[in-house]
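Q: First, the structure itself, so that you have it in front of you.
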Amino acid sequence: MGRARLAELHGVATSYEPAPGRTVQVPEDTVVAVLAALGVDASTPRSVNDALDRHERRQRDRLLPPCVVLRPGGTPRQALPDGLAEALPDGTELRVRTEDGAPRGWGPAAAERPLLPLGARPGAELPPGAELSLSTELSLGAELPPGTELPLGTHTLTAHAPDGRTATAALIVAPGRMPSPPARTHGFLVQLYSLLSARSWGMGDLGDLADLAAWSGRAFGTGFIQLNPLHSAVPGTPAAPTDPSPYRPSSRRFPDPVHLRVENVPEYAHLRGAARERADRLLEAAAALRTSVLRDGALIDRDAVWALKREALELVRAVPLSPGRRAAYRDFLAERGQALEDHALWCALAETYGPDWRGWPDGLADPRSARTARARGEHLDRADFHSWLAWLTDDQLAAAQRAALDAGMGIGLVHDLAVGVHPSGADAWALQDVFASGMSVGAPPDAFNSRGQDWGLPPWRPDALAATGYAPYRELLRGLLRHAGALRIDHVMGLFRLWWVPEGRPPTEGTYVRYDADAMLGVLALEAHRAGAAVIGEDLGTVEPGVREALAGRGVLGTSVLWFERDWNGDGPARPLAPEEWRADCLATATTHDLPSTAARLTGDHVALRHRLGLLARPLAAERAAEAAEVAEWTELLGRLGLLPEGPGDEEAAIRAVHRFLLRTPARMVGVWLPDAVGDRRPQNLPGTWDQYPNWRLPIADAAGRPMTLEDLASSPRLHALMTTLTEGS
């Protein structure tokens, strides 16, 4: 019982329910390992008792929790956990240092006397970081007078008790809801690497993205383009190519410079002499690489693309920046600060010692060691090169978002936040204190995967996040939202709990660890508010009861995929959900990057593919029959609603009907998977495969499997017919 109580106090589950009415007990060894990753020794009965005693003393003696999240207008009583406000000693003074020195008080005292910066004279101008005071002898729950609420932001709350004790906590004042999309709209969903153009260097880039935005916004009135994560990848080696998955990045804090359009870097135009000649030869090599993908059936080779771009960028870097560009670069360095310094240094050290910091020489595995401090000086030039690349990439992302907004898009770019980071990468190195060592995020066994899943991504430590005032999380969100109109969060349920798998154990022997969802959502709301960006949560699959409702209550849009939307509450088999019964606060789509394309589902091609790869859980005939029955149900509904006037059997017409159906729903956003617009049958990712299928390496192709460029897409009658359906129906 003691260990179970200790686990509960630290948010570690000792059992879980994979289905209603069925409870699975978590192995004791798993609970011990997870608690150890949280810094709690539960290995013996004595250590459990000691840990319980320490926890009780901390709770009894503390004045403040490590972090407090509050909504605007909240009182001190609402800010502090249950019982803590009342437990503060009489005469305790609370002081708030605002992040920007805004002259506002907190609490009813402001109605009787202005709250001043400590030591300031009445009427004096408030300096940045002003401190405001409040006596807890006043009513902690009293309604705040107008004008005395704390501003939105991340402040510092300090408690001074009469006995001399002090405590400090981060005080985050966040909006109650995320910003809403400006209007009902439709847009494209695209994996950027797959979108090649006549100017690409073998994979889609930020120049292609800007062009797609400018064209689609003007031609079809699209309001957004949702992207795959553009996070920085762990670089490949001759023995181990770069992992092409955008969901296992080195860093989520910085985009990968492989997405740069080299010719769009202003200094490129000033190459002269031998540098220009070499750059021209690299352009020719890039054209050959592009041709191999578009005409010869080669897969997208990220490492080959980067080898060419890196050499070209080394040439460009030798061109001096103009005064204005130099000033802009310095501003970027100052703005991104320590995070960029760490990221750039990791990249420089990875060039010398390899891309896994866990195998680096003694001292370098610690980003704050004396040895690493010396390395910062020794690798100054290479670190500056990687900082410069981050700046260039940021600049081109900004240009792509400007192109989207200039084309009339109400949202523009929708960036994607992966669940976690690669354990050997830059973020795992720089932020070791907030990641759980020896743990990996995954999923428990379910009806679709009896063995569970291990994604190989170290999870955040919820206690460490709170101790930092959620600074790493805030910084991550702020970076992603710099040039975005919306943010998609993969596996948004992870804001509430994550399945932790101890290293060396199968996913079946993991357990859930709970996060402070109010704090995670509050920080998200604050950063989204600052950026004016909507938030979309990927909430597909098994979702804990109450989570979708909590997300909707905070203004997070859900994700609704047509084939999964059924009425599960009626009697008998679940029927396809009528359009008027769909939720309004969602992004509605026909498919995603992890699912079959609409053409493949309608034709059954995805079943044949999974059969060839040995992925079916039942005989081929049974699988085909089940899939055909499901498609028939939806086709019958489309026909009954008058959305399929051409009748069954016409694949193109059926895809248009599916999107007419999506427009009939009240969904705030309707997404078109770009490959669907040209009949591509191949999935970009086939879960459950590794080298059996070319995941994340396929260009967009037509119904016959012929790769298509952005120019081909722009002139495609099939695409125009589908998008006309959306523009006329919206």
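So you can find residues: chains in the structure tokens are A, B, ... in the order shown, residues in each start at 1, and ligands are numbered from 1 in order.
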Counting only C-alpha atoms, what is within 8 Å of stretch 302-318 of chain A, bar same-chain residues fewer than 3 positions away, as a list in words?
A: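 So, after excluding close chain neighbours, the residues are Trp201, Gly202, Met203, Gly236, Pro241, Thr242, Pro244, Val258, Val262, Glu267, Tyr268, Leu271, Ala275, Ala279, Leu282, Ala285, Ala286, Leu289 and Phe385 of chain A.
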Q: Go ahead and write the residues just picked, all heavy atoms, as a short mmCIF file (atom, residue, chain, number, x, y, z; two decimals), in the first residue's frame.
A:
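This is the output file out_25.cif:
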```cif
data_model
loop_
_atom_site.label_atom_id
_atom_site.label_comp_id
_atom_site.auth_asym_id
_atom_site.auth_seq_id
_atom_site.Cartn_x
_atom_site.Cartn_y
_atom_site.Cartn_z
N TRP A 201 15.79 20.65 -54.76
CA TRP A 201 17.07 19.94 -54.77
C TRP A 201 16.86 18.48 -54.34
O TRP A 201 17.61 17.94 -53.55
CB TRP A 201 18.06 20.62 -53.83
CG TRP A 201 18.61 21.93 -54.32
CD1 TRP A 201 17.94 22.91 -54.97
CD2 TRP A 201 19.96 22.39 -54.18
NE1 TRP A 201 18.77 23.96 -55.24
CE2 TRP A 201 20.02 23.66 -54.77
CE3 TRP A 201 21.11 21.86 -53.60
CZ2 TRP A 201 21.19 24.42 -54.81
CZ3 TRP A 201 22.28 22.62 -53.63
CH2 TRP A 201 22.32 23.87 -54.24
N GLY A 202 15.83 17.85 -54.83
CA GLY A 202 15.60 16.44 -54.54
C GLY A 202 14.55 16.18 -53.49
O GLY A 202 14.19 15.03 -53.23
N MET A 203 14.05 17.22 -52.83
CA MET A 203 12.94 17.12 -51.89
C MET A 203 12.29 18.49 -51.77
O MET A 203 12.90 19.51 -52.09
CB MET A 203 13.40 16.61 -50.52
CG MET A 203 14.38 17.51 -49.80
SD MET A 203 14.93 16.88 -48.18
CE MET A 203 13.51 17.27 -47.16
N GLY A 236 22.61 11.99 -40.28
CA GLY A 236 23.01 10.63 -40.60
C GLY A 236 24.52 10.48 -40.67
O GLY A 236 25.28 11.46 -40.65
N PRO A 241 22.03 6.12 -42.03
CA PRO A 241 21.41 7.29 -42.66
C PRO A 241 20.46 8.00 -41.70
O PRO A 241 19.99 7.43 -40.71
CB PRO A 241 20.65 6.70 -43.86
CG PRO A 241 21.26 5.36 -44.09
CD PRO A 241 21.73 4.88 -42.75
N THR A 242 20.17 9.25 -42.01
CA THR A 242 19.22 10.02 -41.21
C THR A 242 17.87 9.32 -41.17
O THR A 242 17.37 8.86 -42.20
CB THR A 242 19.05 11.42 -41.82
OG1 THR A 242 20.29 12.10 -41.77
CG2 THR A 242 18.00 12.22 -41.07
N PRO A 244 14.30 9.18 -41.62
CA PRO A 244 13.46 10.11 -42.39
C PRO A 244 12.18 10.53 -41.67
O PRO A 244 11.50 11.44 -42.12
CB PRO A 244 13.12 9.31 -43.65
CG PRO A 244 13.18 7.88 -43.22
CD PRO A 244 14.27 7.82 -42.18
N VAL A 258 17.75 21.52 -43.87
CA VAL A 258 17.59 20.79 -45.12
C VAL A 258 16.42 21.34 -45.92
O VAL A 258 16.35 21.16 -47.14
CB VAL A 258 17.41 19.28 -44.84
CG1 VAL A 258 16.01 18.98 -44.32
CG2 VAL A 258 17.70 18.44 -46.09
N VAL A 262 18.26 27.16 -51.19
CA VAL A 262 19.58 27.81 -51.14
C VAL A 262 19.61 29.07 -52.00
O VAL A 262 20.16 30.10 -51.58
CB VAL A 262 20.68 26.82 -51.60
CG1 VAL A 262 22.04 27.49 -51.60
CG2 VAL A 262 20.69 25.59 -50.68
N GLU A 267 22.56 36.28 -50.02
CA GLU A 267 24.00 36.29 -50.33
C GLU A 267 24.36 35.36 -51.48
O GLU A 267 25.45 35.49 -52.06
CB GLU A 267 24.79 35.91 -49.07
CG GLU A 267 24.81 36.99 -47.99
CD GLU A 267 23.47 37.13 -47.27
OE1 GLU A 267 22.76 36.10 -47.12
OE2 GLU A 267 23.13 38.26 -46.87
N TYR A 268 23.48 34.42 -51.81
CA TYR A 268 23.76 33.49 -52.91
C TYR A 268 24.01 34.25 -54.22
O TYR A 268 24.87 33.86 -55.03
CB TYR A 268 22.61 32.51 -53.07
CG TYR A 268 22.81 31.48 -54.16
CD1 TYR A 268 23.46 30.27 -53.88
CD2 TYR A 268 22.35 31.68 -55.46
CE1 TYR A 268 23.64 29.31 -54.87
CE2 TYR A 268 22.52 30.73 -56.45
CZ TYR A 268 23.17 29.55 -56.15
OH TYR A 268 23.35 28.61 -57.13
N LEU A 271 27.71 35.34 -55.07
CA LEU A 271 28.83 34.42 -55.28
C LEU A 271 29.57 34.80 -56.55
O LEU A 271 28.96 35.11 -57.57
CB LEU A 271 28.31 32.98 -55.38
CG LEU A 271 27.77 32.35 -54.08
CD1 LEU A 271 27.15 30.98 -54.39
CD2 LEU A 271 28.88 32.20 -53.05
N ALA A 275 33.75 30.20 -56.52
CA ALA A 275 32.60 29.85 -55.69
C ALA A 275 31.33 29.75 -56.54
O ALA A 275 30.51 28.84 -56.36
CB ALA A 275 32.42 30.88 -54.58
N ALA A 279 29.09 26.45 -57.16
CA ALA A 279 27.66 26.49 -56.87
C ALA A 279 26.84 26.04 -58.08
O ALA A 279 25.84 25.33 -57.93
CB ALA A 279 27.25 27.90 -56.45
N LEU A 282 26.93 22.35 -58.24
CA LEU A 282 26.04 21.77 -57.22
C LEU A 282 24.58 21.85 -57.67
O LEU A 282 23.79 20.92 -57.41
CB LEU A 282 26.23 22.49 -55.89
CG LEU A 282 27.57 22.26 -55.19
CD1 LEU A 282 27.73 23.21 -54.01
CD2 LEU A 282 27.69 20.80 -54.72
N ALA A 285 24.05 19.01 -59.98
CA ALA A 285 23.91 17.76 -59.24
C ALA A 285 22.54 17.67 -58.58
O ALA A 285 21.93 16.59 -58.52
CB ALA A 285 25.01 17.67 -58.19
N ALA A 286 22.04 18.81 -58.09
CA ALA A 286 20.71 18.82 -57.48
C ALA A 286 19.64 18.51 -58.52
O ALA A 286 18.66 17.80 -58.24
CB ALA A 286 20.45 20.18 -56.84
N LEU A 289 19.61 14.87 -59.05
CA LEU A 289 18.96 14.19 -57.92
C LEU A 289 17.45 14.33 -58.03
O LEU A 289 16.70 13.36 -57.79
CB LEU A 289 19.47 14.82 -56.62
CG LEU A 289 19.12 14.11 -55.31
CD1 LEU A 289 19.67 12.69 -55.30
CD2 LEU A 289 19.69 14.90 -54.13
N PHE A 385 28.22 28.67 -37.64
CA PHE A 385 27.65 28.19 -38.91
C PHE A 385 26.25 27.63 -38.68
O PHE A 385 25.31 27.94 -39.42
CB PHE A 385 28.56 27.12 -39.51
CG PHE A 385 28.01 26.44 -40.73
CD1 PHE A 385 27.83 27.14 -41.92
CD2 PHE A 385 27.67 25.09 -40.70
CE1 PHE A 385 27.32 26.50 -43.05
CE2 PHE A 385 27.17 24.46 -41.83
CZ PHE A 385 26.99 25.16 -43.00
#
```
Q: Could you give me, as a Markdown table, a per-residue list for stretch 1-73 of chain A showing, wherever an atom lies at most 10 Å from an atom of stretch 450-470 of chain A, the closest pair of atoms and their distance in Å to one decimal, using only C-alpha atoms and sorting by chain then residue number from low to high?
A:
```
| residue | atom | partner | partner_atom | distance |
| --- | --- | --- | --- | --- |
| A:His10 | CA | A:Asp463 | CA | 8.3 |
| A:Gly11 | CA | A:Pro462 | CA | 8.9 |
| A:Ala37 | CA | A:Arg461 | CA | 8.3 |
| A:Leu38 | CA | A:Arg461 | CA | 6.8 |
| A:Gly39 | CA | A:Asp463 | CA | 9.5 |
| A:Pro65 | CA | A:Ala467 | CA | 8.7 |
| A:Pro66 | CA | A:Ala467 | CA | 5.1 |
| A:Cys67 | CA | A:Gly469 | CA | 5.3 |
| A:Val68 | CA | A:Gly469 | CA | 8.1 |
| A:Val69 | CA | A:Gly469 | CA | 9.3 |
```
Q: Those same residues - N, CA and C atoms - I'd like them written as a PDB file, in the first residue's frame.
A:
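The resulting selection.pdb:
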```
ATOM      1  N   HIS A  10       2.957  10.905  -6.938  1.00  0.00           N
ATOM      2  CA  HIS A  10       3.813  11.379  -8.031  1.00  0.00           C
ATOM      3  C   HIS A  10       3.186  11.166  -9.402  1.00  0.00           C
ATOM      4  N   GLY A  11       1.896  10.862  -9.441  1.00  0.00           N
ATOM      5  CA  GLY A  11       1.181  10.747 -10.714  1.00  0.00           C
ATOM      6  C   GLY A  11       1.480   9.497 -11.499  1.00  0.00           C
ATOM      7  N   ALA A  37      13.002   7.162 -12.049  1.00  0.00           N
ATOM      8  CA  ALA A  37      13.232   8.167 -13.091  1.00  0.00           C
ATOM      9  C   ALA A  37      12.734   9.538 -12.661  1.00  0.00           C
ATOM     10  N   LEU A  38      11.840   9.571 -11.668  1.00  0.00           N
ATOM     11  CA  LEU A  38      11.342  10.826 -11.112  1.00  0.00           C
ATOM     12  C   LEU A  38      12.125  11.239  -9.868  1.00  0.00           C
ATOM     13  N   GLY A  39      13.220  10.515  -9.589  1.00  0.00           N
ATOM     14  CA  GLY A  39      14.060  10.856  -8.453  1.00  0.00           C
ATOM     15  C   GLY A  39      13.553  10.346  -7.124  1.00  0.00           C
ATOM     16  N   PRO A  65       3.753  26.196  -4.116  1.00  0.00           N
ATOM     17  CA  PRO A  65       4.141  25.134  -5.037  1.00  0.00           C
ATOM     18  C   PRO A  65       5.181  25.686  -6.007  1.00  0.00           C
ATOM     19  N   PRO A  66       5.851  24.840  -6.792  1.00  0.00           N
ATOM     20  CA  PRO A  66       6.885  25.367  -7.699  1.00  0.00           C
ATOM     21  C   PRO A  66       6.334  26.238  -8.814  1.00  0.00           C
ATOM     22  N   CYS A  67       5.089  26.005  -9.205  1.00  0.00           N
ATOM     23  CA  CYS A  67       4.508  26.785 -10.304  1.00  0.00           C
ATOM     24  C   CYS A  67       3.009  26.928 -10.074  1.00  0.00           C
ATOM     25  N   VAL A  68       2.495  28.086 -10.387  1.00  0.00           N
ATOM     26  CA  VAL A  68       1.069  28.376 -10.235  1.00  0.00           C
ATOM     27  C   VAL A  68       0.552  28.884 -11.575  1.00  0.00           C
ATOM     28  N   VAL A  69      -0.558  28.311 -12.040  1.00  0.00           N
ATOM     29  CA  VAL A  69      -1.175  28.753 -13.292  1.00  0.00           C
ATOM     30  C   VAL A  69      -2.557  29.297 -12.967  1.00  0.00           C
TER      31      VAL A  69
END
```
Q: Find the spatial neighbours of A:Glu623, counting only C-alpha atoms, within a cut-off of 12 Å - ignore same-chain residues fewer than 5 positions away - and output them as a ChimeraX atom specification.
A: /A:604-611,615-618,628-630
Q: Taking only C-alpha atoms into account, which of A:Gln226, A:Ser387, A:Ser197, A:Thr14 comes nearest A:Arg514?
A: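 Smallest separation from A:Arg514 among the options: A:Thr14.
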Q: Between A:Pro249, A:Gly217, A:Gly273, A:Gly729, which is the closest to A:Leu643 once you count only C-alpha atoms?
A: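 Nearest to A:Leu643: A:Gly729.
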Q: Which of these, A:Gly688, A:Gly479, A:Gly91, A:Pro694, has the shortest distance to A:Phe332 once you count only C-alpha atoms?
A: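 Among the listed residues, the smallest separation from A:Phe332 belongs to A:Gly479.
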Q: Using only C-alpha atoms, which residue out of A:Ala704, A:Leu195, A:Ala443, A:Leu551 lies closest to A:Trp500?
A: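 Closest to A:Trp500 of all the choices is A:Ala443.
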Q: Of the candidates A:Asp433, A:Asp571, A:Asp100, A:Asp394, which shows the shortest atom-to-atom distance to A:His259, using only C-alpha atoms?
A: A:Asp394
Q: Figure out the distance between atom CA of A:Leu189 and atom CA of A:Arg488, please, to one decimal in Å.
A: 11.4 Å
Q: Please identify all polymer residues within 12 Å of A:Trp634, counting only C-alpha atoms, omitting same-chain residues fewer than 2 positions from it, and present them as an NGL selection string.
A: :A and (562-566 or 575-579 or 590 or 601-602 or 627-632 or 636-641 or 643-644 or 648 or 654-655 or 657-658 or 661)
Q: If you keep N, CA and C atoms, can you produce a file of those selected residues as an mmCIF file, in the first residue's frame?
A:
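Below is the file that was written, out.cif:
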```cif
data_model
loop_
_atom_site.group_PDB
_atom_site.id
_atom_site.type_symbol
_atom_site.label_atom_id
_atom_site.label_comp_id
_atom_site.auth_asym_id
_atom_site.auth_seq_id
_atom_site.Cartn_x
_atom_site.Cartn_y
_atom_site.Cartn_z
ATOM 1 N N LEU A 562 -12.979 11.048 -41.489
ATOM 2 C CA LEU A 562 -14.269 10.533 -41.942
ATOM 3 C C LEU A 562 -14.496 9.076 -41.577
ATOM 4 N N TRP A 563 -13.551 8.203 -41.846
ATOM 5 C CA TRP A 563 -13.773 6.773 -41.690
ATOM 6 C C TRP A 563 -13.930 6.362 -40.232
ATOM 7 N N PHE A 564 -13.497 7.213 -39.318
ATOM 8 C CA PHE A 564 -13.599 6.891 -37.889
ATOM 9 C C PHE A 564 -14.843 7.488 -37.235
ATOM 10 N N GLU A 565 -15.527 8.371 -37.959
ATOM 11 C CA GLU A 565 -16.664 9.066 -37.366
ATOM 12 C C GLU A 565 -17.932 8.223 -37.509
ATOM 13 N N ARG A 566 -18.287 7.547 -36.440
ATOM 14 C CA ARG A 566 -19.474 6.687 -36.414
ATOM 15 C C ARG A 566 -20.270 6.961 -35.141
ATOM 16 N N ARG A 575 -23.163 3.105 -37.031
ATOM 17 C CA ARG A 575 -23.382 3.591 -38.396
ATOM 18 C C ARG A 575 -22.511 4.811 -38.666
ATOM 19 N N PRO A 576 -22.248 5.101 -39.941
ATOM 20 C CA PRO A 576 -21.538 6.343 -40.247
ATOM 21 C C PRO A 576 -22.282 7.543 -39.672
ATOM 22 N N LEU A 577 -21.529 8.450 -39.111
ATOM 23 C CA LEU A 577 -22.125 9.606 -38.444
ATOM 24 C C LEU A 577 -22.592 10.625 -39.481
ATOM 25 N N ALA A 578 -23.847 11.018 -39.384
ATOM 26 C CA ALA A 578 -24.397 12.003 -40.310
ATOM 27 C C ALA A 578 -23.638 13.320 -40.179
ATOM 28 N N PRO A 579 -23.540 14.090 -41.244
ATOM 29 C CA PRO A 579 -22.695 15.302 -41.196
ATOM 30 C C PRO A 579 -23.114 16.292 -40.123
ATOM 31 N N ALA A 590 -10.412 13.552 -44.689
ATOM 32 C CA ALA A 590 -10.711 12.202 -45.169
ATOM 33 C C ALA A 590 -9.630 11.214 -44.760
ATOM 34 N N ARG A 601 -8.317 3.592 -50.177
ATOM 35 C CA ARG A 601 -9.389 3.017 -49.369
ATOM 36 C C ARG A 601 -10.592 2.652 -50.232
ATOM 37 N N LEU A 602 -10.936 3.525 -51.165
ATOM 38 C CA LEU A 602 -12.090 3.251 -52.030
ATOM 39 C C LEU A 602 -11.865 2.039 -52.922
ATOM 40 N N GLU A 627 -13.497 -4.364 -45.420
ATOM 41 C CA GLU A 627 -13.220 -3.038 -45.963
ATOM 42 C C GLU A 627 -14.258 -2.641 -47.007
ATOM 43 N N ALA A 628 -14.645 -3.585 -47.857
ATOM 44 C CA ALA A 628 -15.651 -3.301 -48.884
ATOM 45 C C ALA A 628 -16.984 -2.938 -48.249
ATOM 46 N N ALA A 629 -17.330 -3.609 -47.156
ATOM 47 C CA ALA A 629 -18.586 -3.312 -46.481
ATOM 48 C C ALA A 629 -18.559 -1.907 -45.879
ATOM 49 N N GLU A 630 -17.422 -1.528 -45.314
ATOM 50 C CA GLU A 630 -17.307 -0.198 -44.735
ATOM 51 C C GLU A 630 -17.417 0.880 -45.800
ATOM 52 N N VAL A 631 -16.716 0.687 -46.916
ATOM 53 C CA VAL A 631 -16.788 1.657 -48.013
ATOM 54 C C VAL A 631 -18.212 1.734 -48.544
ATOM 55 N N ALA A 632 -18.884 0.587 -48.649
ATOM 56 C CA ALA A 632 -20.259 0.568 -49.161
ATOM 57 C C ALA A 632 -21.192 1.361 -48.251
ATOM 58 N N GLU A 636 -23.142 4.534 -49.684
ATOM 59 C CA GLU A 636 -24.609 4.582 -49.642
ATOM 60 C C GLU A 636 -25.082 5.877 -48.997
ATOM 61 N N LEU A 637 -24.415 6.297 -47.902
ATOM 62 C CA LEU A 637 -24.786 7.541 -47.246
ATOM 63 C C LEU A 637 -24.539 8.738 -48.156
ATOM 64 N N LEU A 638 -23.411 8.737 -48.854
ATOM 65 C CA LEU A 638 -23.118 9.839 -49.780
ATOM 66 C C LEU A 638 -24.184 9.944 -50.857
ATOM 67 N N GLY A 639 -24.600 8.788 -51.373
ATOM 68 C CA GLY A 639 -25.640 8.789 -52.394
ATOM 69 C C GLY A 639 -26.971 9.267 -51.845
ATOM 70 N N ARG A 640 -27.305 8.813 -50.635
ATOM 71 C CA ARG A 640 -28.583 9.191 -50.017
ATOM 72 C C ARG A 640 -28.646 10.691 -49.753
ATOM 73 N N LEU A 641 -27.502 11.297 -49.482
ATOM 74 C CA LEU A 641 -27.453 12.739 -49.227
ATOM 75 C C LEU A 641 -27.362 13.564 -50.513
ATOM 76 N N LEU A 643 -24.862 13.593 -52.595
ATOM 77 C CA LEU A 643 -23.499 14.085 -52.779
ATOM 78 C C LEU A 643 -22.734 13.322 -53.846
ATOM 79 N N LEU A 644 -23.342 12.255 -54.386
ATOM 80 C CA LEU A 644 -22.674 11.426 -55.383
ATOM 81 C C LEU A 644 -23.580 11.270 -56.594
ATOM 82 N N PRO A 648 -22.163 5.233 -57.872
ATOM 83 C CA PRO A 648 -20.983 4.494 -57.416
ATOM 84 C C PRO A 648 -20.138 3.996 -58.579
ATOM 85 N N ALA A 654 -16.247 9.838 -56.356
ATOM 86 C CA ALA A 654 -16.414 9.443 -54.950
ATOM 87 C C ALA A 654 -15.530 10.292 -54.042
ATOM 88 N N ILE A 655 -14.312 10.603 -54.480
ATOM 89 C CA ILE A 655 -13.431 11.448 -53.668
ATOM 90 C C ILE A 655 -14.010 12.852 -53.555
ATOM 91 N N ALA A 657 -17.166 13.502 -53.642
ATOM 92 C CA ALA A 657 -18.329 13.357 -52.758
ATOM 93 C C ALA A 657 -17.912 13.328 -51.297
ATOM 94 N N VAL A 658 -16.805 12.658 -51.010
ATOM 95 C CA VAL A 658 -16.296 12.623 -49.636
ATOM 96 C C VAL A 658 -16.035 14.042 -49.135
ATOM 97 N N PHE A 661 -19.140 15.949 -48.475
ATOM 98 C CA PHE A 661 -19.661 15.534 -47.179
ATOM 99 C C PHE A 661 -18.980 16.313 -46.060
#
```
Q: Skip A:Ser180 itself and residues of its chain fewer than 4 positions away, then list as a list of chain:residue names all residues within 8 Å of it, counting only C-alpha atoms.
A: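 Listing them by chain and then by number gives A:Ala533, A:Ala534, A:Gly555.
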Q: Quick one: residues within 9 Å of stretch 663-677 of chain A, only C-alpha atoms counted, chain neighbours fewer than 6 positions away excluded, as number ranges by chain?
A: A: 181, 183-191, 223-226, 557, 560, 578-593, 597-599, 655-656, 700-702, 713, 716, 718-723, 726, 729-730
Q: Tell me which protein, DNA and RNA residues are within 12 Å of A:Leu333, counting only C-alpha atoms, leaving out same-chain ones fewer than 2 positions away, and put them as a ChimeraX atom specification.
A: /A:326-331,335-344,383-384,386-392,394
